[in-house]
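Here is entry_38.cif, consisting of mmCIF, C-alpha atoms and all ligand atoms:
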```cif
data_target
loop_
_atom_site.label_atom_id
_atom_site.label_comp_id
_atom_site.auth_asym_id
_atom_site.auth_seq_id
_atom_site.Cartn_x
_atom_site.Cartn_y
_atom_site.Cartn_z
CA MET E 193 109.90 59.26 211.98
CA LEU E 194 106.38 58.34 211.15
CA SER E 195 103.45 60.31 212.56
CA ARG E 196 100.55 59.02 210.47
CA LEU E 197 100.04 56.16 208.04
CA ILE E 198 97.19 55.77 205.57
CA ALA E 199 97.01 52.53 203.62
CA SER E 200 94.21 52.20 201.06
CA ASP E 201 93.39 48.89 199.38
CA TYR E 202 96.70 47.53 200.60
CA ARG E 203 96.44 43.77 201.39
CA ASN E 204 93.44 43.33 203.74
CA PHE E 205 93.14 47.06 204.54
CA THR E 206 90.31 48.87 202.81
CA ARG E 207 91.38 52.09 204.44
CA LEU E 208 93.65 52.04 207.41
CA ASP E 209 94.43 55.41 208.96
CA VAL E 210 96.58 55.43 212.06
CA ASP E 211 98.41 58.05 214.09
CA ILE E 212 101.77 56.79 215.27
CA PRO E 213 103.17 58.22 218.52
CA ALA E 214 106.81 59.33 218.48
CA ALA E 215 107.90 56.40 220.64
CA GLY E 216 105.98 53.92 218.52
CA LEU E 217 103.02 51.58 218.63
CA VAL E 218 102.24 48.00 219.55
CA VAL E 219 99.76 46.12 217.38
CA VAL E 220 98.16 43.08 218.96
CA GLY E 221 96.10 40.60 217.00
CA GLU E 222 95.56 36.98 216.16
CA ASN E 223 97.18 35.30 213.19
CA GLY E 224 96.06 36.40 209.77
CA HIS E 225 94.44 39.71 210.76
CA GLY E 226 96.93 42.11 209.18
CA LYS E 227 99.78 42.79 211.63
CA THR E 228 102.52 41.87 209.18
CA ASN E 229 100.61 43.63 206.41
CA LEU E 230 100.83 46.85 208.43
CA LEU E 231 104.60 46.51 208.89
CA GLU E 232 104.93 45.59 205.23
CA ALA E 233 103.05 48.75 204.21
CA VAL E 234 105.45 50.87 206.29
CA ALA E 235 108.50 49.10 204.86
CA TYR E 236 107.05 49.59 201.39
CA LEU E 237 107.74 53.29 201.86
CA ALA E 238 111.44 52.56 202.35
CA LEU E 239 111.93 49.87 199.71
CA LEU E 240 109.14 50.77 197.25
CA ARG E 241 108.36 47.08 197.21
CA SER E 242 107.16 44.37 199.54
CA PHE E 243 109.69 43.21 202.14
CA ARG E 244 108.15 39.77 201.77
CA GLY E 245 109.17 39.78 198.12
CA ALA E 246 105.53 39.79 196.98
CA ARG E 247 104.64 41.11 193.54
CA ASP E 248 102.96 44.52 193.52
CA ALA E 249 99.81 43.06 191.97
CA ASP E 250 99.53 40.70 194.94
CA VAL E 251 99.60 43.38 197.61
CA VAL E 252 96.66 45.23 196.04
CA ARG E 253 93.57 44.29 198.06
CA PHE E 254 91.74 41.41 196.38
CA GLY E 255 89.42 42.84 193.72
CA ALA E 256 90.66 46.46 194.03
CA PRO E 257 92.26 48.26 191.08
CA ALA E 258 95.11 49.96 192.95
CA PHE E 259 96.71 50.52 196.33
CA HIS E 260 98.06 53.67 197.98
CA VAL E 261 100.28 54.04 201.01
CA ARG E 262 100.77 57.54 202.38
CA ALA E 263 102.69 58.72 205.38
CA THR E 264 103.14 61.92 207.29
CA LEU E 265 106.67 62.15 208.61
CA MET E 266 108.28 64.24 211.29
CA ARG E 267 111.80 65.18 212.27
CA PRO E 268 114.45 64.02 211.65
CA SER E 269 112.95 62.88 208.34
CA ALA E 270 113.93 65.06 205.41
CA TYR E 271 110.35 65.14 204.04
CA ASP E 272 106.89 65.90 205.46
CA THR E 273 104.97 63.40 203.34
CA ILE E 274 105.69 60.42 201.18
CA SER E 275 103.25 58.38 199.13
CA VAL E 276 103.42 55.36 196.89
CA GLY E 277 100.69 54.01 194.65
CA TYR E 278 100.42 51.10 192.29
CA GLU E 279 97.74 50.51 189.68
CA ARG E 280 97.06 46.96 188.58
CA SER E 281 95.79 47.65 185.04
CA SER E 282 98.63 49.93 183.92
CA ARG E 283 101.20 48.29 186.23
CA ARG E 284 102.32 51.80 187.06
CA LYS E 285 103.91 52.69 190.34
CA ARG E 286 104.24 56.30 191.39
CA ALA E 287 105.91 57.90 194.35
CA THR E 288 105.64 61.42 195.67
CA LEU E 289 107.77 63.29 198.18
CA ASP E 290 106.12 66.34 199.75
CA GLY E 291 103.42 66.01 197.11
CA VAL E 292 105.82 66.15 194.18
CA GLU E 293 105.72 63.14 191.87
CA GLN E 294 109.18 61.73 191.42
CA PRO E 295 110.28 61.34 187.80
CA ARG E 296 112.35 58.36 188.92
CA LEU E 297 110.96 56.04 191.55
CA THR E 298 114.37 55.57 193.08
CA SER E 299 114.47 59.23 194.17
CA ALA E 300 111.93 58.24 196.82
CA LEU E 301 113.84 55.15 197.91
CA GLY E 302 114.89 55.26 201.55
CA ALA E 303 112.90 58.41 202.42
CA LEU E 304 111.64 56.57 205.52
CA PRO E 305 114.44 54.16 206.43
CA SER E 306 113.35 51.10 208.40
CA VAL E 307 114.72 47.75 209.50
CA GLN E 308 112.48 44.79 210.15
CA PHE E 309 113.00 41.90 212.54
CA SER E 310 110.82 38.86 212.02
CA PRO E 311 110.98 35.09 212.38
CA ALA E 312 110.92 34.96 208.56
CA ASP E 313 114.43 36.48 208.64
CA VAL E 314 115.74 32.99 209.28
CA ALA E 315 115.70 32.71 205.47
CA LEU E 316 118.70 35.10 205.48
CA VAL E 317 120.71 32.31 207.07
CA ALA E 318 118.92 29.13 206.03
CA GLY E 319 117.94 30.23 202.52
CA GLY E 320 119.91 30.41 199.29
CA PRO E 321 122.60 32.96 198.34
CA GLY E 322 119.97 35.22 196.76
CA GLU E 323 118.56 36.02 200.21
CA ARG E 324 121.95 37.20 201.44
CA ARG E 325 122.69 39.17 198.26
CA ARG E 326 119.36 40.94 198.69
CA TYR E 327 120.27 41.71 202.30
CA LEU E 328 123.56 43.29 201.21
CA ASP E 329 122.01 45.11 198.27
CA VAL E 330 119.09 46.64 200.19
CA MET E 331 121.33 47.77 203.04
CA LEU E 332 124.08 49.17 200.82
CA ALA E 333 121.67 50.79 198.34
CA LEU E 334 119.78 52.54 201.15
CA SER E 335 123.13 53.72 202.57
CA SER E 336 124.76 54.85 199.34
CA ARG E 337 123.35 56.42 196.16
CA PRO E 338 126.39 55.38 194.08
CA TYR E 339 125.79 51.75 195.13
CA LEU E 340 122.13 52.00 194.17
CA GLN E 341 123.05 53.44 190.78
CA ALA E 342 125.72 50.80 190.15
CA LEU E 343 123.21 48.10 191.05
CA GLN E 344 120.62 49.42 188.62
CA GLN E 345 123.11 49.78 185.79
CA TYR E 346 124.60 46.35 186.45
CA ARG E 347 121.18 44.70 186.49
CA ALA E 348 120.13 46.43 183.27
CA ALA E 349 123.31 45.33 181.45
CA LEU E 350 123.10 41.80 182.90
CA LEU E 351 119.51 41.45 181.69
CA ARG E 352 120.52 42.39 178.17
CA ARG E 353 123.64 40.23 178.15
CA ASN E 354 121.55 37.28 179.34
CA ALA E 355 118.97 37.98 176.62
CA ALA E 356 121.75 37.99 174.01
CA LEU E 357 123.17 34.77 175.47
CA ARG E 358 119.76 33.07 175.29
CA ILE E 359 119.36 34.02 171.65
CA ALA E 360 122.90 32.87 170.86
CA GLN E 361 122.29 29.56 172.61
CA ARG E 362 119.06 29.01 170.71
CA ASP E 363 120.84 29.73 167.42
CA GLY E 364 123.75 27.42 168.17
CA GLY E 365 126.11 29.98 169.73
CA ARG E 366 128.54 30.18 166.81
CA GLY E 367 129.90 33.11 164.85
CA ALA E 368 131.22 36.58 165.55
CA GLU E 369 127.90 38.36 165.47
CA PRO E 370 126.07 36.70 168.37
CA GLU E 371 129.29 36.94 170.34
CA ALA E 372 129.52 40.68 169.68
CA ARG E 373 125.93 41.12 170.86
CA VAL E 374 126.93 39.50 174.12
CA SER E 375 130.29 41.19 174.67
CA VAL E 376 128.91 44.68 174.06
CA TRP E 377 127.37 44.61 177.58
CA GLU E 378 130.52 43.51 179.33
CA PRO E 379 132.24 46.88 179.83
CA ALA E 380 129.18 48.23 181.69
CA MET E 381 128.87 45.03 183.70
CA ALA E 382 132.57 45.10 184.58
CA GLU E 383 132.45 48.75 185.61
CA HIS E 384 129.33 48.57 187.77
CA GLY E 385 129.89 44.99 188.90
CA GLY E 386 133.38 45.99 190.02
CA PHE E 387 131.94 48.80 192.11
CA ILE E 388 129.34 46.49 193.66
CA ALA E 389 131.80 43.72 194.49
CA ALA E 390 134.32 46.16 195.98
CA ALA E 391 131.63 47.78 198.15
CA ARG E 392 130.37 44.41 199.40
CA HIS E 393 133.92 43.25 200.17
CA ALA E 394 134.53 46.51 202.05
CA PHE E 395 131.32 46.02 204.05
CA VAL E 396 132.36 42.51 205.08
CA ARG E 397 135.91 43.64 205.90
CA ASP E 398 134.57 46.45 208.11
CA HIS E 399 131.71 44.56 209.78
CA ALA E 400 132.68 40.90 210.08
CA ALA E 401 134.16 41.37 213.56
CA ARG E 402 131.06 43.26 214.74
CA PHE E 403 128.85 40.47 213.42
CA THR E 404 130.84 37.91 215.42
CA GLN E 405 130.57 40.12 218.55
CA LEU E 406 126.82 40.60 218.11
CA SER E 407 126.29 36.86 217.77
CA ALA E 408 128.27 36.29 220.96
CA ALA E 409 126.30 39.04 222.72
CA ILE E 410 123.03 37.32 221.78
CA GLY E 411 124.34 34.19 223.45
CA GLU E 412 126.08 32.08 220.84
CA ARG E 413 128.87 30.07 222.46
CA HIS E 414 130.67 29.19 219.23
CA THR E 415 132.21 31.73 216.90
CA VAL E 416 129.80 32.95 214.23
CA ALA E 417 131.57 34.42 211.21
CA MET E 418 130.76 35.92 207.82
CA LYS E 419 132.87 36.17 204.70
CA TYR E 420 132.35 37.22 201.12
CA ALA E 421 132.46 34.48 198.50
CA ALA E 422 132.94 35.72 194.93
CA SER E 423 131.59 33.58 192.11
CA GLY E 424 134.58 34.15 189.83
CA GLY E 425 137.38 32.93 192.09
CA GLU E 426 139.37 35.12 194.44
CA GLN E 427 142.03 37.74 193.87
CA ALA E 428 144.74 38.75 196.31
CA GLY E 429 143.46 40.25 199.58
CA ASP E 430 144.03 44.00 199.32
CA LEU E 431 142.66 44.25 195.79
CA LEU E 432 139.24 43.01 196.83
CA THR E 433 137.95 46.37 198.02
CA ASP E 434 139.46 48.22 195.04
CA ALA E 435 136.70 48.83 192.47
CA ARG E 436 139.20 49.36 189.63
CA ALA E 437 140.93 46.05 190.33
CA GLN E 438 137.55 44.31 190.49
CA THR E 439 136.55 45.88 187.18
CA GLU E 440 139.76 44.67 185.52
CA ALA E 441 139.23 41.19 186.92
CA TYR E 442 135.62 41.08 185.64
CA THR E 443 136.71 42.34 182.22
CA ARG E 444 139.02 39.33 181.92
CA THR E 445 136.57 36.86 183.49
CA PHE E 446 133.57 37.85 181.36
CA ALA E 447 135.68 37.39 178.19
CA GLN E 448 137.05 34.05 179.41
CA GLN E 449 133.62 32.74 180.38
CA ARG E 450 131.94 33.88 177.18
CA PRO E 451 132.41 30.72 175.03
CA HIS E 452 131.07 28.54 177.84
CA GLU E 453 128.19 30.95 178.57
CA LEU E 454 127.23 31.09 174.88
CA ARG E 455 126.48 27.38 175.19
CA ARG E 456 124.78 27.70 178.58
CA GLY E 457 122.73 30.79 177.65
CA VAL E 458 123.27 32.63 180.94
CA THR E 459 125.90 34.74 182.77
CA LEU E 460 127.46 32.51 185.40
CA VAL E 461 129.95 34.85 187.07
CA GLY E 462 129.44 38.27 188.65
CA PRO E 463 128.09 39.88 191.80
CA HIS E 464 124.66 38.41 190.97
CA ARG E 465 126.14 34.97 191.72
CA ASP E 466 128.17 35.79 194.84
CA ASP E 467 127.34 34.74 198.38
CA LEU E 468 127.84 35.79 201.98
CA PRO E 469 128.40 32.42 203.64
CA LEU E 470 127.98 32.29 207.42
CA SER E 471 129.69 29.81 209.69
CA LEU E 472 129.33 28.57 213.25
CA GLY E 473 132.47 27.19 214.86
CA GLY E 474 133.95 26.89 211.38
CA ARG E 475 131.02 24.91 209.96
CA ASP E 476 128.37 26.10 207.53
CA LEU E 477 125.59 27.66 209.61
CA ARG E 478 123.07 27.01 206.86
CA THR E 479 123.62 23.25 207.01
CA PHE E 480 124.61 22.65 210.63
CA GLY E 481 123.00 25.42 212.70
CA SER E 482 119.94 24.70 214.85
CA ALA E 483 116.79 26.71 214.19
CA GLY E 484 117.53 28.92 217.22
CA GLN E 485 121.14 29.45 216.16
CA GLN E 486 120.04 30.41 212.66
CA ARG E 487 117.43 32.80 214.08
CA SER E 488 120.09 34.39 216.29
CA ALA E 489 122.48 34.87 213.37
CA ALA E 490 119.65 36.43 211.36
CA ILE E 491 119.03 38.85 214.23
CA ALA E 492 122.74 39.71 214.31
CA LEU E 493 122.52 40.50 210.57
CA ARG E 494 119.54 42.79 211.22
CA LEU E 495 121.33 44.52 214.09
CA LEU E 496 124.24 45.11 211.72
CA GLU E 497 121.82 46.53 209.14
CA LEU E 498 120.36 48.81 211.79
CA ALA E 499 123.81 50.17 212.69
CA THR E 500 124.81 50.55 209.05
CA LEU E 501 121.67 52.50 208.14
CA ARG E 502 121.93 54.63 211.26
CA ASP E 503 125.51 55.59 210.38
CA ALA E 504 124.61 56.29 206.76
CA VAL E 505 121.43 58.30 207.44
CA GLY E 506 122.57 60.01 210.63
CA HIS E 507 119.65 58.88 212.80
CA PRO E 508 118.26 55.48 213.81
CA PRO E 509 115.85 53.91 211.32
CA LEU E 510 112.30 52.95 212.24
CA LEU E 511 112.22 49.52 213.89
CA LEU E 512 109.64 47.08 212.58
CA LEU E 513 109.46 44.21 215.04
CA ASP E 514 107.21 41.41 213.81
CA ASP E 515 106.79 38.98 216.68
CA PRO E 516 110.58 39.15 216.95
CA PHE E 517 111.13 36.91 219.93
CA ALA E 518 109.08 33.94 218.80
CA GLU E 519 111.17 30.76 219.07
CA LEU E 520 113.93 32.43 221.07
CA ASP E 521 114.74 31.24 224.56
CA LEU E 522 114.19 33.85 227.29
CA GLY E 523 117.90 34.57 227.74
CA ARG E 524 118.42 35.29 224.07
CA ALA E 525 115.25 37.35 223.83
CA ALA E 526 116.40 39.52 226.76
CA ARG E 527 119.85 40.02 225.26
CA VAL E 528 118.41 40.94 221.85
CA LEU E 529 116.18 43.49 223.57
CA SER E 530 119.07 45.14 225.34
CA LEU E 531 121.09 45.19 222.09
CA LEU E 532 118.13 46.88 220.40
CA GLU E 533 117.94 49.45 223.18
CA GLY E 534 121.68 50.00 222.91
CA ALA E 535 121.26 50.74 219.20
CA GLY E 536 119.82 54.12 220.14
CA ALA E 537 116.39 55.58 220.74
CA SER E 538 114.11 55.16 217.78
CA GLN E 539 110.50 54.67 216.87
CA VAL E 540 109.21 51.11 217.17
CA LEU E 541 106.31 49.32 215.53
CA LEU E 542 105.85 46.03 217.33
CA ALA E 543 103.42 43.31 216.24
CA VAL E 544 102.59 40.46 218.61
CA PRO E 545 99.78 37.89 218.80
CA ARG E 546 98.96 38.46 222.48
CA VAL E 547 99.32 41.24 225.03
CA GLU E 548 101.42 38.86 227.15
CA ASP E 549 103.98 38.74 224.34
CA ILE E 550 104.87 42.41 224.72
CA PRO E 551 108.32 42.63 226.33
CA ALA E 552 108.44 44.82 229.45
CA ALA E 553 110.56 47.39 227.60
CA PHE E 554 107.67 48.04 225.20
CA THR E 555 104.67 47.94 227.54
CA ARG E 556 104.79 51.74 227.87
CA LEU E 557 103.98 52.08 224.14
CA GLU E 558 100.45 52.77 222.99
CA GLN E 559 98.61 49.56 222.08
CA ARG E 560 96.09 48.97 219.31
CA SER E 561 94.29 45.80 218.36
CA MET E 562 94.20 44.49 214.81
CA HIS E 563 91.12 42.61 213.72
CA ASP E 564 90.25 41.75 210.14
CA GLY E 565 92.34 44.58 208.72
CA MET E 566 90.95 47.17 211.14
CA LEU E 567 92.61 48.76 214.13
CA GLY E 568 90.74 48.91 217.41
CA VAL E 569 91.22 51.54 220.08
CA THR E 570 92.77 49.29 222.67
CA ALA E 571 94.30 45.88 222.61
CA THR E 572 91.46 43.92 224.08
CA ARG E 573 91.38 40.23 223.40
CA GLU E 574 88.53 38.56 221.62
CA PRO E 575 86.28 36.61 223.98
CA ALA E 576 86.99 32.90 223.70
N1 LIG N 601 96.10 41.24 198.38
C1 LIG N 601 95.36 40.94 199.44
N2 LIG N 601 94.07 41.37 199.55
C2 LIG N 601 93.31 41.09 200.62
N3 LIG N 601 93.75 40.37 201.67
C3 LIG N 601 95.02 39.90 201.63
C4 LIG N 601 95.88 40.17 200.53
N4 LIG N 601 97.07 39.58 200.78
C5 LIG N 601 96.95 38.99 201.98
N5 LIG N 601 95.72 39.17 202.50
C6 LIG N 601 95.20 38.69 203.77
O1 LIG N 601 95.99 39.17 204.83
C7 LIG N 601 95.91 38.24 205.91
C8 LIG N 601 97.29 37.98 206.48
O2 LIG N 601 97.72 39.14 207.08
P1 LIG N 601 99.08 39.18 207.92
O3 LIG N 601 99.37 40.60 208.13
O4 LIG N 601 100.12 38.35 207.27
O5 LIG N 601 98.61 38.48 209.26
P2 LIG N 601 99.28 38.54 210.71
O6 LIG N 601 98.38 39.39 211.54
O7 LIG N 601 99.27 37.12 211.17
O8 LIG N 601 100.64 39.08 210.58
C9 LIG N 601 95.30 36.97 205.37
O9 LIG N 601 94.03 36.86 205.90
C10 LIG N 601 95.28 37.19 203.88
O10 LIG N 601 94.17 36.58 203.27
MG MG N 602 102.43 38.07 210.77
#
```
Just give me the structure of the file as structure tokens.
Ligand SMILES: Nc1ncnc2c1ncn2[C@@H]1O[C@H](COP(=O)(O)OP(=O)(O)O)[C@@H](O)[C@H]1O
Ligand SMILES: [Mg+2]
Amino acid sequence: MLSRLIASDYRNFTRLDVDIPAAGLVVVGENGHGKTNLLEAVAYLALLRSFRGARDADVVRFGAPAFHVRATLMRPSAYDTISVGYERSSRRKRATLDGVEQPRLTSALGALPSVQFSPADVALVAGGPGERRRYLDVMLALSSRPYLQALQQYRAALLRRNAALRIAQRDGGRGAEPEARVSVWEPAMAEHGGFIAAARHAFVRDHAARFTQLSAAIGERHTVAMKYAASGGEQAGDLLTDARAQTEAYTRTFAQQRPHELRRGVTLVGPHRDDLPLSLGGRDLRTFGSAGQQRSAAIALRLLELATLRDAVGHPPLLLLDDPFAELDLGRAARVLSLLEGAGASQVLLAVPRVEDIPAAFTRLEQRSMHDGMLGVTATREPA
């Protein structure tokens, strides 16, 4: 849990220093004043990057050389303090836990686990496969060190195989030597890619029914379903969650695809090309779902993430609610609220444009106003 946050030169905060009560905090402010920036700064401590996918250089306050985000934590967090800083000129990012600089950034990953709910989450459902892969990767990496390591190793090998493929394509793609420079990365990709694919399949196998239930509980009348779609064609059912079988399959597929990929200059098959397609009554939710239905499915995905992180970490993650009920009808908003409450007591940071937008369940929380990157004592509205 978070007890104090200090954000320096982060987005539109010159220096924001806020005590966070154990139950949480509501931030009220008009559009563009820094509410999402505040939630983003908190999530930065979990992900070590922007949850909006912004580049580090872009979250540094305009004209400033560097940003710092520091937090004081309390039980049940494993650490007392965490800090992250990024310097524009050197492009260096550093993280400390309890004041000790981490030799590897990833050691600090997940020290303050959080899950965010925001209208922008609709991209999880309506956006491309990359959005859903990122959803799976962030959730699984924060829940499992071996997954995080496999992901890093896979990405490193993929980058180098793609670089070799690009060179081979430029040079005409013929001959044993360029091919050897490509194939040398395949054992690592097959090993780590196999682990990643098996873990994602296992997640979908274990959580697909829950996802369908959550969608129904939010108020969806038709069946909402998820499945895992591998880019390299499917194997027989039981093998899907077996990392060794996945590795063997990738070993064959990478070799088979190689001649084609030497011409194309890019790796076309692997977990980096897979998807998590969602359906509504058997039809693609991305194409046929209404905005409200897509928002609801995105919320069900976040609720699933919340439960997964809670189970992995042993306590509920911090909830970052960014105007979460915008565009939802009242019935759905009420059901989402009760599902959130059912997910277990946890600290909440809620951002809303107006005091009237605070759901009754959160009116007991301390309120602060956000104006031009500065927090006020109480949530008073600007005179019209
Ligand atoms: N790197 C940056 N430096 C300074 N200001 C920034 C930076 N990035 C975004 N902003 C400002 O932050 C504001 C948006 O804040 P945001 O938290 O998204 O608003 P909201 O309160 O609506 O959630 C905009 O005014 C934008 O100009
Ligand atoms: Mg916002």
| request: Enter the distance from CA of Gly245 (chain E) to CA of Leu265 (chain E), in Å, rounded to one decimal. | output: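 Rounded to one decimal, the two atoms are 24.8 Å apart.
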Produce a table with one row for each residue of region 333-437 of chain E that has an atom at most 10 Å from any atom of region 518-524 of chain E, each row naming the nearest atom pair and its distance in Å at one decimal; use only C-alpha atoms; arrange rows by chain and rising residue number; format as JSON lines.
```
{"residue": "E:Ala409", "atom": "CA", "partner": "E:Arg524", "partner_atom": "CA", "distance": 8.8}
{"residue": "E:Ile410", "atom": "CA", "partner": "E:Arg524", "partner_atom": "CA", "distance": 5.5}
{"residue": "E:Gly411", "atom": "CA", "partner": "E:Arg524", "partner_atom": "CA", "distance": 6.1}
{"residue": "E:Glu412", "atom": "CA", "partner": "E:Arg524", "partner_atom": "CA", "distance": 8.9}
```
Axis-aligned box for ligand LIG 601 (chain N), 3 Å per side, centre and edges in Å as lines of an AutoDock Vina configuration file:
```
center_x = 97.0
center_y = 39.0
center_z = 205.0
size_x = 13.3
size_y = 10.8
size_z = 19.2
```
| field | For CA of Pro295 (chain E) and CA of Ala235 (chain E), the interatomic separation in Å (one decimal) | value |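 We find that CA of Pro295 (chain E) and CA of Ala235 (chain E) lie 21.1 Å from each other.
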Output as a tab-separated table one row per residue of chain E within 7 Å of ligand LIG 601 (chain N): the closest atom pair and its distance in Å to one decimal place, counting only C-alpha atoms and all ligand atoms, sorted by chain and residue number ascending.
```
residue	atom	partner	partner_atom	distance
E:Tyr202	CA	N:LIG601	N1	6.7
E:Arg203	CA	N:LIG601	C1	3.6
E:Asn204	CA	N:LIG601	N3	3.6
E:Gly221	CA	N:LIG601	O6	6.0
E:Glu222	CA	N:LIG601	O6	5.9
E:Asn223	CA	N:LIG601	O7	3.4
E:Gly224	CA	N:LIG601	O5	3.3
E:His225	CA	N:LIG601	O6	4.0
E:Gly226	CA	N:LIG601	O3	3.1
E:Lys227	CA	N:LIG601	O6	3.7
E:Thr228	CA	N:LIG601	O3	3.6
E:Asn229	CA	N:LIG601	O3	3.7
E:Leu230	CA	N:LIG601	O3	6.4
E:Asp250	CA	N:LIG601	N1	4.9
E:Val251	CA	N:LIG601	N1	4.2
E:Val252	CA	N:LIG601	N1	4.7
E:Arg253	CA	N:LIG601	N2	3.3
E:Phe254	CA	N:LIG601	N2	3.9
```
| Which is closer to Ala233 (chain E) than all the others in E:Ala300, E:Leu512, E:Leu532, E:Val317, using all atoms listed in the file? |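 So, comparing all the options, the nearest one is E:Leu512.
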